[in-house]
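Read the structure below first, then the notes.
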Amino acid sequence: MTTLDDLRADANSLAAHYTRFAVADRLLLSGHSHQAWPDVAEEGLLESFADAARDVDAKWERAFAKADQLRAGFRLLLGDPHGEYALGASTHDLVLRFLSAMELPRRPRLVTTDGEFHTLRRQLARLEEEGVEIVRVPLEPVTTLAERVAGEVDGNTAAVLVSAVLFETSRLVPGLAHLADVCRGRSIELLVDAYHALGVVPFALHDLGLTNAWVLGGGYKYLQLGEGNCFLRLPAHAQELRPVITGWYAEFGALADERHPDQVPYAIGGDRFAGATYDPASHYRGVRVQRFFAEQGLTPEFLRQVSQHQVGLLASVFDSLGLPEDLVTRDRSVELERLGGFLSLRCADAAGLQAALAVEGVRTDSRGPYLRFGPAPYLSDTQLETAMSTLAKVITA
């Protein structure tokens, strides 16, 4: 079983499982955007090819079984053994299906924040151009964000869309249970984007009071599942809704039934929000990586312990550098336990610093004024210290 001491060592024991990405020889601090895949991910891709080559169109029975295994992994991750999950290639696909099930003609109002990821930001802005009222609640102060969002809902509100972890600053959003209670009491749908939490912040729905919420997530970041492995968790009452944007897989179980041109049937369960023909290779890869996490003991609780250590180490090294605060700084008023899986630095030129670090072999990423150092469990303490110390070098240069 992997331990925190194993991961902190110069010869990080987990790194041996990521030789194809050469994580031991590279300073990959872009973990918040794209973590490396373990070598076994290739086994999943080869298995998908073998099934297609052997079974041709009959491969779908095996592919659907992989999709079910992937859903089971997401249920385990969210402590949600009986939840229904729709799968999609991207969160945008799933958001579209969700929004198309809302009663926007009757209640044309959506409440969100001014700090949502681009998936929501852009789509909601476009809906606003078409006459849907979009209420954007300011992020600050984050400590009261959920409460202030709850205060904006009214009889015309169809849905509330918020994040569990803010993608620019790494701040955890408290008070989501209260927001869920308010939305449930007024029959308003609540969608929580948990993408930036999964794999670094335990997200058991029942403990968080989110059993009646829709939850959006995916595996491209901390879960190391790669592209094409996104999900929308459906609350029980979702079986009453009929998404307008709907693929033929949403009636897959009823294709042999008698057709009624004036009626559009829907499947029961997560497939009610299904799309259409997809590339199943991503699911094969994702299932194999989920199994790898289980084999290595990479539970949500252990990954949180690792993440907190790594983010704390990065913050400590950054503070010791004494860099000019007009060029780069961080919010030291936020406790470590209120951060997600990366350290966010506010910079005069975040994109410029990201590019300069890349020249020195340090991969980071940036969003607007924020430079993000995203560690991963396969990195050693020495790698983290070296990466952060390189920031002083590029600023001095």
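Identifiers in the structure tokens: chain A, B, ... in order shown; residue index from 1 per chain; ligand index from 1 in order shown.
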
Item to check | Contact residues around range 374-376 of chain A with only C-alpha atoms at 6 Å, ignoring same-chain residues under 4 positions, as a PyMOL selection string | outcome: chain A and resi 29-32+342

Could you please take those selected residues and save all heavy atoms as a PDB file, in the first residue's frame?
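As a result, selection-v4.pdb now contains:
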ATOM      1  N   LEU A  29       3.950  20.319 -13.373  1.00  0.00           N
ATOM      2  CA  LEU A  29       3.105  20.998 -12.395  1.00  0.00           C
ATOM      3  C   LEU A  29       1.842  21.533 -13.050  1.00  0.00           C
ATOM      4  O   LEU A  29       1.256  22.507 -12.596  1.00  0.00           O
ATOM      5  CB  LEU A  29       3.879  22.126 -11.720  1.00  0.00           C
ATOM      6  CG  LEU A  29       4.716  21.781 -10.473  1.00  0.00           C
ATOM      7  CD1 LEU A  29       3.834  21.369  -9.318  1.00  0.00           C
ATOM      8  CD2 LEU A  29       5.756  20.713 -10.770  1.00  0.00           C
ATOM      9  N   SER A  30       1.431  20.875 -14.120  1.00  0.00           N
ATOM     10  CA  SER A  30       0.181  21.221 -14.802  1.00  0.00           C
ATOM     11  C   SER A  30      -0.916  20.246 -14.401  1.00  0.00           C
ATOM     12  O   SER A  30      -1.877  20.028 -15.142  1.00  0.00           O
ATOM     13  CB  SER A  30       0.382  21.196 -16.324  1.00  0.00           C
ATOM     14  OG  SER A  30       0.894  19.936 -16.731  1.00  0.00           O
ATOM     15  N   GLY A  31      -0.764  19.659 -13.220  1.00  0.00           N
ATOM     16  CA  GLY A  31      -1.671  18.609 -12.773  1.00  0.00           C
ATOM     17  C   GLY A  31      -3.103  19.034 -12.616  1.00  0.00           C
ATOM     18  O   GLY A  31      -4.005  18.196 -12.656  1.00  0.00           O
ATOM     19  N   HIS A  32      -3.363  20.330 -12.430  1.00  0.00           N
ATOM     20  CA  HIS A  32      -4.746  20.769 -12.319  1.00  0.00           C
ATOM     21  C   HIS A  32      -5.426  20.768 -13.679  1.00  0.00           C
ATOM     22  O   HIS A  32      -6.648  20.730 -13.767  1.00  0.00           O
ATOM     23  CB  HIS A  32      -4.824  22.165 -11.701  1.00  0.00           C
ATOM     24  CG  HIS A  32      -6.222  22.700 -11.647  1.00  0.00           C
ATOM     25  ND1 HIS A  32      -7.227  22.053 -10.971  1.00  0.00           N
ATOM     26  CD2 HIS A  32      -6.786  23.797 -12.193  1.00  0.00           C
ATOM     27  CE1 HIS A  32      -8.345  22.746 -11.104  1.00  0.00           C
ATOM     28  NE2 HIS A  32      -8.107  23.792 -11.840  1.00  0.00           N
ATOM     29  N   PHE A 342      -4.545  22.689  -6.067  1.00  0.00           N
ATOM     30  CA  PHE A 342      -3.457  23.443  -6.685  1.00  0.00           C
ATOM     31  C   PHE A 342      -3.228  24.742  -5.933  1.00  0.00           C
ATOM     32  O   PHE A 342      -4.081  25.203  -5.178  1.00  0.00           O
ATOM     33  CB  PHE A 342      -3.747  23.729  -8.173  1.00  0.00           C
ATOM     34  CG  PHE A 342      -4.957  24.611  -8.419  1.00  0.00           C
ATOM     35  CD1 PHE A 342      -4.820  25.966  -8.674  1.00  0.00           C
ATOM     36  CD2 PHE A 342      -6.233  24.070  -8.425  1.00  0.00           C
ATOM     37  CE1 PHE A 342      -5.917  26.771  -8.916  1.00  0.00           C
ATOM     38  CE2 PHE A 342      -7.353  24.875  -8.667  1.00  0.00           C
ATOM     39  CZ  PHE A 342      -7.193  26.225  -8.917  1.00  0.00           C
TER      40      PHE A 342
END

Next on the checklist: Could you pull out the strand (DSSP E) residues of range 237-359 of chain A, going by DSSP on the backbone, and write them as a count of residues only?
Outcome noted: 7

Checklist entry - Residues at most 10 Å from Thr3 in chain A, counting only C-alpha atoms, excluding those fewer than 5 positions away in the same chain, as a list in words? => result Arg8, Ser13, Leu14, Gln296, Gly297, Leu298, Phe302 and Val306 of chain A

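Nearest-residue note for Leu161 in chain A: choosing from A:Gly115, A:Pro377, A:Gly73, A:Pro174, the minimum distance belongs to A:Gly115, counting only C-alpha atoms.
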
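With only C-alpha atoms as the atoms that count, the minimum distance from Phe231 in chain A to the choices A:Arg186, A:Arg71, A:His206, A:Arg136 is reached by A:Arg71.
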